[in-house]
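> So that you have it, the file is start.cif, and it contains mmCIF, C-alpha atoms:
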data_work
#
loop_
_atom_site.label_atom_id
_atom_site.label_comp_id
_atom_site.auth_asym_id
_atom_site.auth_seq_id
_atom_site.Cartn_x
_atom_site.Cartn_y
_atom_site.Cartn_z
CA MET Z 1 149.35 -33.39 -36.05
CA PHE Z 2 147.88 -31.63 -33.00
CA ASP Z 3 148.60 -31.83 -29.30
CA LEU Z 4 145.51 -31.63 -27.14
CA PRO Z 5 145.50 -28.82 -24.57
CA GLN Z 6 145.68 -29.42 -20.84
CA PHE Z 7 141.98 -29.72 -20.10
CA PHE Z 8 140.74 -27.93 -17.00
CA LEU Z 9 137.39 -29.73 -16.91
CA LYS Z 10 135.92 -32.93 -18.29
CA VAL Z 11 132.25 -33.56 -19.06
CA GLU Z 12 131.23 -37.19 -18.64
CA CYS Z 13 128.25 -38.27 -20.75
CA ALA Z 14 127.06 -41.89 -20.78
CA THR Z 15 124.39 -42.55 -23.35
CA PHE Z 16 122.35 -45.40 -24.84
CA ASN Z 17 119.47 -45.23 -27.33
CA HIS Z 18 119.07 -41.47 -26.98
CA ALA Z 19 118.95 -40.74 -30.71
CA PRO Z 20 115.96 -38.33 -30.43
CA TYR Z 21 117.60 -36.35 -27.61
CA ILE Z 22 121.39 -36.42 -27.97
CA VAL Z 23 121.63 -33.39 -30.29
CA GLU Z 24 120.11 -31.15 -27.59
CA THR Z 25 122.59 -32.60 -25.12
CA MET Z 26 125.56 -31.89 -27.38
CA ASN Z 27 124.27 -28.40 -28.18
CA GLY Z 28 124.25 -27.70 -24.45
CA PHE Z 29 127.90 -28.74 -24.26
CA CYS Z 30 129.02 -26.69 -27.26
CA MET Z 31 127.28 -23.49 -26.08
CA GLN Z 32 129.36 -23.32 -22.91
CA GLU Z 33 131.31 -20.06 -22.65
CA THR Z 34 134.42 -20.67 -20.54
CA ASN Z 35 137.87 -19.21 -19.99
CA PHE Z 36 139.33 -22.72 -19.91
CA PRO Z 37 139.49 -25.68 -22.32
CA PHE Z 38 137.16 -28.58 -21.59
CA VAL Z 39 136.58 -31.97 -23.17
CA CYS Z 40 133.19 -33.68 -23.45
CA VAL Z 41 133.70 -37.43 -23.21
CA ILE Z 42 130.66 -39.12 -24.74
CA ILE Z 43 130.44 -42.89 -24.40
CA ASP Z 44 127.72 -44.47 -26.54
CA ASP Z 45 127.05 -48.00 -25.32
CA ALA Z 46 126.43 -49.58 -28.76
CA SER Z 47 123.05 -47.92 -29.28
CA ASN Z 48 120.74 -49.71 -31.70
CA ASP Z 49 118.38 -46.80 -32.44
CA GLY Z 50 120.72 -44.91 -34.77
CA GLU Z 51 122.25 -42.71 -32.06
CA GLN Z 52 125.82 -43.42 -33.15
CA GLN Z 53 124.97 -42.19 -36.65
CA VAL Z 54 123.39 -39.03 -35.19
CA ILE Z 55 126.51 -38.30 -33.11
CA ASN Z 56 128.81 -38.99 -36.03
CA GLN Z 57 126.89 -36.59 -38.28
CA TYR Z 58 126.99 -33.94 -35.54
CA LEU Z 59 130.77 -34.31 -35.35
CA GLN Z 60 131.13 -33.97 -39.11
CA GLU Z 61 129.01 -30.82 -39.19
CA ASN Z 62 130.40 -29.05 -36.11
CA PHE Z 63 133.90 -30.33 -35.35
CA ASP Z 64 137.34 -30.50 -36.92
CA SER Z 65 138.93 -33.90 -36.45
CA LEU Z 66 142.27 -33.94 -34.65
CA ASN Z 67 145.13 -36.19 -35.65
CA VAL Z 68 146.52 -36.24 -32.13
CA SER Z 69 150.20 -36.89 -31.66
CA LYS Z 70 149.76 -39.26 -28.73
CA ASP Z 71 148.73 -42.89 -28.86
CA TYR Z 72 145.04 -42.72 -27.96
CA GLU Z 73 144.08 -46.14 -29.34
CA ILE Z 74 141.66 -44.62 -31.83
CA SER Z 75 140.25 -48.05 -32.69
CA THR Z 76 140.25 -51.25 -30.64
CA ASP Z 77 138.18 -54.40 -30.40
CA ASP Z 78 135.96 -52.55 -27.91
CA TYR Z 79 135.44 -49.11 -29.45
CA ASN Z 80 136.12 -46.52 -32.12
CA LEU Z 81 137.26 -43.15 -30.74
CA LYS Z 82 136.87 -39.78 -32.46
CA ILE Z 83 138.43 -36.60 -31.08
CA GLY Z 84 137.69 -33.13 -32.39
CA ARG Z 85 137.55 -29.41 -31.65
CA ASN Z 86 134.39 -27.37 -32.11
CA ARG Z 87 134.60 -25.00 -35.07
CA THR Z 88 132.98 -22.05 -33.29
CA ASN Z 89 134.06 -22.66 -29.70
CA ASP Z 90 137.83 -23.04 -29.41
CA ASN Z 91 137.59 -24.20 -25.78
CA CYS Z 92 135.20 -27.07 -26.55
CA TYR Z 93 136.55 -30.50 -27.51
CA PHE Z 94 134.71 -33.76 -27.99
CA ALA Z 95 136.03 -37.27 -27.45
CA VAL Z 96 133.41 -39.80 -28.50
CA TYR Z 97 133.71 -43.50 -27.77
CA PHE Z 98 131.52 -45.53 -30.13
CA LEU Z 99 131.38 -48.85 -28.28
CA LYS Z 100 131.19 -51.88 -30.55
CA TYR Z 101 129.05 -53.97 -28.22
CA ASN Z 102 126.79 -53.20 -25.28
CA HIS Z 103 128.81 -53.10 -22.08
CA TYR Z 104 125.94 -52.54 -19.64
CA SER Z 105 124.27 -55.85 -20.49
CA ILE Z 106 127.41 -57.82 -19.61
CA LYS Z 107 128.32 -55.58 -16.67
CA LYS Z 108 131.55 -54.40 -18.25
CA ASP Z 109 132.91 -51.04 -17.15
CA ARG Z 110 132.37 -48.39 -19.85
CA MET Z 111 134.25 -45.62 -18.06
CA ALA Z 112 137.54 -47.54 -17.95
CA TYR Z 113 138.49 -46.28 -21.43
CA ASP Z 114 137.91 -42.66 -20.47
CA LEU Z 115 139.95 -42.99 -17.27
CA LYS Z 116 142.99 -44.13 -19.22
CA ILE Z 117 143.19 -40.91 -21.22
CA PHE Z 118 141.16 -37.96 -19.99
CA ASN Z 119 141.84 -38.16 -16.27
CA ASP Z 120 144.24 -35.26 -15.72
CA VAL Z 121 141.63 -32.55 -15.05
CA LYS Z 122 140.75 -30.39 -12.06
CA TYR Z 123 136.96 -30.58 -12.38
CA ILE Z 124 134.39 -33.03 -13.69
CA ALA Z 125 130.85 -32.30 -14.86
CA THR Z 126 128.22 -34.96 -15.64
CA CYS Z 127 125.20 -35.15 -17.92
CA GLU Z 128 123.41 -38.13 -19.46
CA GLY Z 129 122.49 -38.25 -23.13
CA ASP Z 130 118.80 -37.51 -22.71
CA ASP Z 131 119.18 -34.38 -20.53
CA TYR Z 132 120.57 -31.01 -21.58
CA TRP Z 133 122.01 -27.70 -20.37
CA THR Z 134 120.34 -24.37 -21.09
CA ASP Z 135 122.69 -21.75 -19.63
CA PRO Z 136 125.87 -20.99 -21.63
CA LEU Z 137 127.62 -19.89 -18.42
CA LYS Z 138 126.72 -23.00 -16.41
CA LEU Z 139 130.22 -24.48 -16.26
CA GLN Z 140 131.92 -21.13 -15.74
CA LYS Z 141 129.62 -20.21 -12.83
CA GLN Z 142 130.19 -23.49 -11.05
CA VAL Z 143 133.95 -23.53 -11.60
CA ASP Z 144 134.20 -19.91 -10.41
CA PHE Z 145 132.40 -20.87 -7.21
CA LEU Z 146 134.62 -23.88 -6.53
CA GLU Z 147 137.77 -21.91 -7.37
CA SER Z 148 136.86 -19.31 -4.73
CA HIS Z 149 135.65 -21.82 -2.11
CA SER Z 150 138.37 -24.39 -1.51
CA ASP Z 151 136.42 -26.16 1.24
CA TYR Z 152 133.65 -27.18 -1.17
CA VAL Z 153 133.92 -30.33 -3.28
CA LEU Z 154 130.78 -30.06 -5.41
CA CYS Z 155 128.51 -27.40 -6.86
CA CYS Z 156 125.07 -28.21 -8.25
CA HIS Z 157 122.07 -26.13 -9.31
CA GLU Z 158 118.35 -26.08 -9.98
CA THR Z 159 116.86 -27.75 -13.03
CA LYS Z 160 113.61 -27.82 -14.96
CA ARG Z 161 111.86 -31.07 -15.88
CA TYR Z 162 110.37 -31.98 -19.22
CA ASP Z 163 107.78 -34.73 -19.55
CA GLN Z 164 108.38 -36.24 -22.98
CA ASP Z 165 104.94 -37.90 -23.15
CA SER Z 166 102.84 -34.87 -22.20
CA GLY Z 167 105.15 -32.22 -23.66
CA LYS Z 168 104.99 -30.24 -20.41
CA MET Z 169 107.93 -28.32 -18.96
CA TYR Z 170 107.83 -27.57 -15.24
CA TYR Z 171 110.02 -26.51 -12.35
CA GLN Z 172 109.93 -27.79 -8.78
CA LYS Z 173 111.93 -25.49 -6.56
CA HIS Z 174 113.84 -27.08 -3.70
CA ASP Z 175 112.22 -25.98 -0.44
CA VAL Z 176 115.55 -25.00 1.13
CA LEU Z 177 115.89 -22.16 -1.37
CA ASN Z 178 112.85 -20.45 0.15
CA GLN Z 179 114.93 -19.94 3.27
CA TYR Z 180 118.27 -19.53 1.45
CA PRO Z 181 117.46 -17.75 -1.84
CA GLU Z 182 121.13 -17.02 -2.59
CA GLY Z 183 122.05 -20.69 -2.47
CA TYR Z 184 122.32 -23.47 0.07
CA SER Z 185 125.38 -25.14 1.60
CA PHE Z 186 125.03 -28.75 2.74
CA ASP Z 187 126.99 -31.89 3.56
CA LYS Z 188 126.30 -35.52 4.44
CA LYS Z 189 124.07 -34.45 7.35
CA TYR Z 190 121.44 -33.14 4.92
CA SER Z 191 118.95 -35.90 4.11
CA GLY Z 192 117.29 -34.29 1.07
CA TRP Z 193 117.97 -35.05 -2.57
CA LEU Z 194 119.67 -31.93 -3.93
CA ILE Z 195 122.31 -33.39 -6.25
CA GLN Z 196 121.40 -34.58 -9.75
CA THR Z 197 123.68 -35.97 -12.42
CA LEU Z 198 123.03 -33.22 -14.97
CA THR Z 199 123.75 -30.41 -12.47
CA ASN Z 200 127.04 -31.63 -10.99
CA VAL Z 201 130.49 -30.07 -11.17
CA PHE Z 202 132.95 -31.53 -8.65
CA ARG Z 203 136.65 -31.68 -7.87
CA ALA Z 204 138.34 -34.58 -9.63
CA ASP Z 205 140.67 -35.18 -6.69
CA PHE Z 206 138.19 -35.24 -3.83
CA GLU Z 207 138.98 -37.71 -1.08
CA GLY Z 208 137.24 -41.01 -1.75
CA TYR Z 209 136.86 -40.58 -5.53
CA THR Z 210 139.60 -43.11 -6.30
CA THR Z 211 137.88 -45.61 -4.01
CA PHE Z 212 134.56 -44.96 -5.73
CA LEU Z 213 136.06 -45.45 -9.20
CA ALA Z 214 137.52 -48.79 -8.11
CA MET Z 215 134.07 -50.12 -7.17
CA LYS Z 216 132.18 -52.48 -9.46
CA ASN Z 217 128.84 -50.88 -8.55
CA ARG Z 218 129.17 -47.14 -9.20
CA TYR Z 219 125.70 -45.73 -8.64
CA ASP Z 220 124.77 -42.11 -8.00
CA ILE Z 221 123.79 -42.71 -4.39
CA ILE Z 222 127.22 -44.25 -3.68
CA PHE Z 223 128.93 -41.30 -5.36
CA TYR Z 224 126.92 -38.86 -3.23
CA TYR Z 225 127.93 -40.82 -0.14
CA PHE Z 226 131.64 -40.27 -0.85
CA ILE Z 227 131.03 -36.63 -1.85
CA GLY Z 228 129.23 -35.98 1.44
CA LYS Z 229 132.12 -37.41 3.43
CA ALA Z 230 134.72 -35.41 1.48
CA GLY Z 231 133.39 -31.92 2.18
CA LYS Z 232 130.69 -29.35 1.63
CA CYS Z 233 128.42 -28.95 -1.37
CA PHE Z 234 126.60 -25.90 -2.68
CA LEU Z 235 123.22 -25.68 -4.40
CA MET Z 236 122.96 -22.69 -6.74
CA PRO Z 237 119.48 -21.22 -7.26
CA ASP Z 238 120.17 -20.80 -11.00
CA ILE Z 239 118.01 -22.92 -13.31
CA MET Z 240 120.53 -24.11 -15.89
CA SER Z 241 119.35 -27.44 -17.29
CA VAL Z 242 116.43 -29.67 -18.23
CA TYR Z 243 115.90 -33.20 -16.90
CA ARG Z 244 113.96 -35.27 -19.41
CA ILE Z 245 111.36 -37.77 -18.19
CA HIS Z 246 110.66 -40.64 -20.61
CA ASN Z 247 110.42 -44.41 -20.76
CA GLY Z 248 113.75 -45.08 -22.47
CA GLY Z 249 117.26 -45.09 -21.10
CA ILE Z 250 120.09 -47.30 -19.99
CA CYS Z 251 118.05 -49.01 -17.25
CA SER Z 252 114.76 -49.29 -19.15
CA GLY Z 253 113.02 -52.62 -18.75
CA SER Z 254 114.52 -53.38 -15.35
CA ASP Z 255 111.86 -54.43 -12.86
CA PHE Z 256 111.89 -52.92 -9.40
CA ILE Z 257 113.05 -55.99 -7.47
CA SER Z 258 115.94 -56.69 -9.85
CA PHE Z 259 117.08 -53.07 -9.68
CA TYR Z 260 116.69 -53.08 -5.89
CA MET Z 261 118.87 -56.18 -5.61
CA THR Z 262 121.50 -54.55 -7.79
CA LEU Z 263 121.54 -51.52 -5.48
CA LEU Z 264 121.70 -53.82 -2.47
CA GLY Z 265 124.84 -55.33 -3.96
CA ALA Z 266 126.29 -51.82 -4.27
CA TYR Z 267 125.60 -51.09 -0.60
CA GLN Z 268 127.12 -54.43 0.33
CA GLU Z 269 130.27 -53.59 -1.64
CA LEU Z 270 130.38 -50.17 0.04
CA ASN Z 271 130.21 -51.72 3.50
CA ASP Z 272 132.98 -54.15 2.59
CA ILE Z 273 135.18 -51.19 1.62
CA ASP Z 274 134.14 -48.57 4.14
CA LYS Z 275 133.46 -50.27 7.47
CA SER Z 276 131.84 -47.25 9.10
CA HIS Z 277 128.60 -46.34 10.84
CA ASP Z 278 127.74 -44.03 7.92
CA ALA Z 279 127.94 -46.88 5.41
CA GLN Z 280 125.81 -49.09 7.67
CA THR Z 281 123.21 -46.34 8.00
CA LEU Z 282 123.01 -45.92 4.22
CA LEU Z 283 122.39 -49.65 3.82
CA LYS Z 284 119.70 -49.77 6.51
CA ASN Z 285 117.93 -46.65 5.26
CA GLN Z 286 117.73 -48.04 1.73
CA ILE Z 287 116.03 -51.21 2.98
CA LEU Z 288 113.70 -49.34 5.34
CA HIS Z 289 112.68 -46.96 2.55
CA ASN Z 290 111.77 -49.76 0.10
CA ILE Z 291 110.23 -52.37 2.39
CA GLY Z 292 106.67 -51.40 1.47
CA ASN Z 293 107.26 -51.87 -2.26
CA LEU Z 294 108.96 -55.21 -1.63
CA ILE Z 295 105.99 -56.44 0.38
CA PHE Z 296 103.50 -55.32 -2.28
CA LEU Z 297 105.52 -57.06 -4.98
CA ARG Z 298 105.92 -60.17 -2.80
CA GLY Z 299 109.66 -59.86 -2.90
CA TRP Z 300 110.12 -62.19 0.06
CA LYS Z 301 113.51 -63.45 -1.13
CA ALA Z 302 114.72 -59.86 -1.55
CA ILE Z 303 113.54 -59.02 1.97
CA ALA Z 304 115.23 -62.10 3.45
CA THR Z 305 118.47 -61.30 1.62
CA SER Z 306 118.31 -57.69 2.84
CA VAL Z 307 117.95 -58.82 6.43
CA GLU Z 308 120.86 -61.27 6.15
CA VAL Z 309 123.09 -58.64 4.51
CA THR Z 310 122.33 -56.12 7.24
CA LYS Z 311 122.96 -58.68 9.98
CA SER Z 312 126.48 -59.28 8.68
CA TYR Z 313 127.51 -55.62 9.08
CA VAL Z 314 125.87 -54.28 12.24
CA SER Z 315 126.02 -55.07 15.94
CA ARG Z 316 123.41 -57.27 17.62
CA TYR Z 317 121.77 -54.27 19.24
CA ASP Z 318 121.64 -52.29 15.98
CA PHE Z 319 120.26 -55.32 14.19
CA PHE Z 320 117.50 -55.71 16.79
CA VAL Z 321 116.55 -52.02 16.43
CA PHE Z 322 116.66 -52.41 12.64
CA LEU Z 323 114.19 -55.33 12.72
CA ILE Z 324 111.75 -53.30 14.80
CA LYS Z 325 112.00 -50.35 12.40
CA LEU Z 326 111.66 -52.68 9.42
CA HIS Z 327 108.42 -54.12 10.81
CA TYR Z 328 107.09 -50.65 11.65
CA ASN Z 329 108.00 -49.17 8.26
CA GLY Z 330 106.49 -52.12 6.44
CA VAL Z 331 103.16 -51.74 8.22
CA ILE Z 332 103.06 -47.95 7.77
CA GLN Z 333 104.00 -48.06 4.08
CA VAL Z 334 101.57 -50.86 3.22
CA VAL Z 335 98.68 -49.25 5.12
CA GLY Z 336 99.46 -45.89 3.52
CA SER Z 337 99.49 -47.40 0.03
CA LEU Z 338 96.23 -49.29 0.63
CA TYR Z 339 94.63 -46.08 1.87
CA ASN Z 340 95.67 -44.22 -1.28
CA ILE Z 341 94.36 -47.04 -3.49
CA LEU Z 342 90.98 -47.03 -1.74
CA LYS Z 343 90.86 -43.23 -1.78
CA ASN Z 344 91.52 -43.09 -5.52
CA LYS Z 345 88.93 -45.81 -6.14
CA VAL Z 346 86.30 -43.83 -4.23
CA VAL Z 347 87.12 -40.70 -6.23
CA ARG Z 348 86.86 -42.58 -9.55
CA ASN Z 349 83.51 -44.11 -8.54
CA SER Z 350 82.23 -40.68 -7.52
CA ILE Z 351 83.21 -39.22 -10.89
CA THR Z 352 81.60 -42.14 -12.74
CA THR Z 353 78.25 -41.86 -10.93
CA SER Z 354 78.02 -38.05 -11.04
#
Just give me the structure as structure tokens.

Amino acid sequence: MFDLPQFFLKVECATFNHAPYIVETMNGFCMQETNFPFVCVIIDDASNDGEQQVINQYLQENFDSLNVSKDYEISTDDYNLKIGRNRTNDNCYFAVYFLKYNHYSIKKDRMAYDLKIFNDVKYIATCEGDDYWTDPLKLQKQVDFLESHSDYVLCCHETKRYDQDSGKMYYQKHDVLNQYPEGYSFDKKYSGWLIQTLTNVFRADFEGYTTFLAMKNRYDIIFYYFIGKAGKCFLMPDIMSVYRIHNGGICSGSDFISFYMTLLGAYQELNDIDKSHDAQTLLKNQILHNIGNLIFLRGWKAIATSVEVTKSYVSRYDFFVFLIKLHYNGVIQVVGSLYNILKNKVVRNSITTS
């Protein structure tokens, strides 16, 4: 019988049908060189492409199973749980939940099982099952930064991208690093997209995290909203991971309007919880940003619902201003898209006739 150590950091990895990629993901976890114990909580949402078998074989080849002395509900009607310690990295532990049925399709919370057990940590890192880490010091670097900067709640970093279809690896540097080559500090006032799931390490006790976890709709953009309100974030210039671009994944097959409506529900839930100007702004900006796509796809019901939702949260004056901006953005986005379509058509015709 073994007692698990007091974990300093937890890695959260949600995965579904990532059989061709998950070994690279797990290799990235196991290579981490740290001066603290960490547990990688992998939750496979009843994959049907053989991923559970791939993970199980990886555990058998690289981990020693632990007969833990606590009641961890190793097997329930919902999942089978395996816990082990890596044979070559004493600080690396895995806890793998093999879900017995797909939770995403019935909108059942997958993370609830993890929160019951592996919640007493100081830091949390995230990475999905089709992405992977490339720097063995990634976790240590980010934890060291947060340990020495108590006013920061999250540390992220640069990442490469890999196009699975073309086989091309490339890197798009964030523009802010041209001005701040040693790293960039930012908060909710920064409007760019600097945080990505596979690059995050954050404090597990940041203000607002408990509220976020209690939400039914826990999307990245909502998480970043609470992070931005809690404190400062830091973007490291280090390239320490690879984001994989492919057609599979947890949300594959979802059409744009359906996914948009799901996000709208998340913003609505946020505004019910956090009745602030910041939450209202996030809702309005999401609608303004997507109005052109909704018009092109003839998502009239989605547009009408968006307008009604916004009206219920903002003042009359703000709603009037919002309608003007919505009309303006719709015209600009549609005209811009039509221009690009015509431009591309002219270029194709020119190539054909030359």
> Taking the file as I've supplied it (selection: the PyMOL selection byres ((chain Z and resi 77-89) around 10)), which residues are included? Please answer as JSON, numbers by chain.
{"Z": [4, 30, 31, 32, 33, 34, 37, 39, 40, 41, 42, 43, 44, 45, 46, 56, 59, 60, 61, 62, 63, 64, 65, 66, 67, 68, 72, 73, 74, 75, 76, 90, 91, 92, 93, 94, 95, 96, 97, 98, 99, 100, 101, 102, 103, 110, 113]}
> Give me the residues near segment 178-182 of chain Z as a ChimeraX atom specification, where near means some atom within 9 Å (using all atoms listed in the file) and where sequence neighbours in that chain fewer than 4 positions away do not count.
/Z:173-174,236-237
> Give me, as JSON, numbers by chain, all polymer residues having an atom no more than 10 Å from Thr25 of chain Z, counting all atoms listed in the file and skipping those fewer than 4 positions away in the same chain.
{"Z": [13, 18, 21, 29, 30, 127, 128, 129, 130, 131, 132, 133, 134, 241, 242]}
> Determine the residue set returned by the PyMOL selection byres ((chain Z and resi 323) around 12) for the present structure, and present it as a compact mmCIF listing (two decimals) with C-alpha atoms, in the frame of the given file.

# COMPACT_ATOMS: atom_id res chain seq x y z
CA LYS Z 284 119.70 -49.77 6.51
CA ILE Z 287 116.03 -51.21 2.98
CA LEU Z 288 113.70 -49.34 5.34
CA ILE Z 291 110.23 -52.37 2.39
CA ILE Z 303 113.54 -59.02 1.97
CA ALA Z 304 115.23 -62.10 3.45
CA SER Z 306 118.31 -57.69 2.84
CA VAL Z 307 117.95 -58.82 6.43
CA GLU Z 308 120.86 -61.27 6.15
CA THR Z 310 122.33 -56.12 7.24
CA LYS Z 311 122.96 -58.68 9.98
CA VAL Z 314 125.87 -54.28 12.24
CA ARG Z 316 123.41 -57.27 17.62
CA TYR Z 317 121.77 -54.27 19.24
CA ASP Z 318 121.64 -52.29 15.98
CA PHE Z 319 120.26 -55.32 14.19
CA PHE Z 320 117.50 -55.71 16.79
CA VAL Z 321 116.55 -52.02 16.43
CA PHE Z 322 116.66 -52.41 12.64
CA ILE Z 324 111.75 -53.30 14.80
CA LYS Z 325 112.00 -50.35 12.40
CA LEU Z 326 111.66 -52.68 9.42
CA HIS Z 327 108.42 -54.12 10.81
CA TYR Z 328 107.09 -50.65 11.65
CA ASN Z 329 108.00 -49.17 8.26
CA GLY Z 330 106.49 -52.12 6.44
> Please provide as a VMD selection string all residues within 12 Å of segment 261-267 of chain Z, with the sequence filter that same-chain residues fewer than 5 positions apart are discarded (counting all atoms listed in the file).
chain Z and resid 107 212 215 to 223 225 251 254 to 256 272 to 275 278 to 287 290 294 299 301 to 310 313
> Tell me which of Z:Ser47, Z:Ile295, Z:Gln6, Z:Leu213 sits closest to Ala112 of chain Z, counting all atoms listed in the file.
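Once distances to Ala112 of chain Z are computed over all atoms listed in the file, the minimum belongs to Z:Leu213.
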> Could you expand the PyMOL selection byres ((chain Z and resi 162) around 10) into the explicit residues it covers here, written as a VMD selection string?
chain Z and resid 131 159 to 161 163 to 171 242 to 246
> Work out how far apart atom CA of Asn27 of chain Z and atom CA of Tyr58 of chain Z are and give it in Å to one decimal.
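Straight-line distance from atom CA of Asn27 of chain Z to atom CA of Tyr58 of chain Z works out to 9.6 Å.
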> Find the residue from Z:Ile227, Z:Met240, Z:Val153, Z:Val121 that sits nearest to Pro5 of chain Z; use only C-alpha atoms when measuring.
Z:Val121
> Work out how far atom CA of His289 of chain Z is from atom CA of Ser337 of chain Z, in Å to one decimal.
13.4 Å
> For a quick check of understanding, using all atoms listed in the file, which of Z:Glu269, Z:Asp3, Z:Glu158, Z:Asp135 has the smallest distance to Thr197 of chain Z?
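Counting all atoms listed in the file, the residue closest to Thr197 of chain Z is Z:Glu158.
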> Which is closer to Ala230 of chain Z than all the others in Z:Ser105, Z:Gln57, Z:Asn200, Z:Thr210, using all atoms listed in the file?
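Between Z:Ser105, Z:Gln57, Z:Asn200, Z:Thr210, the residue approaching Ala230 of chain Z most closely is Z:Thr210.
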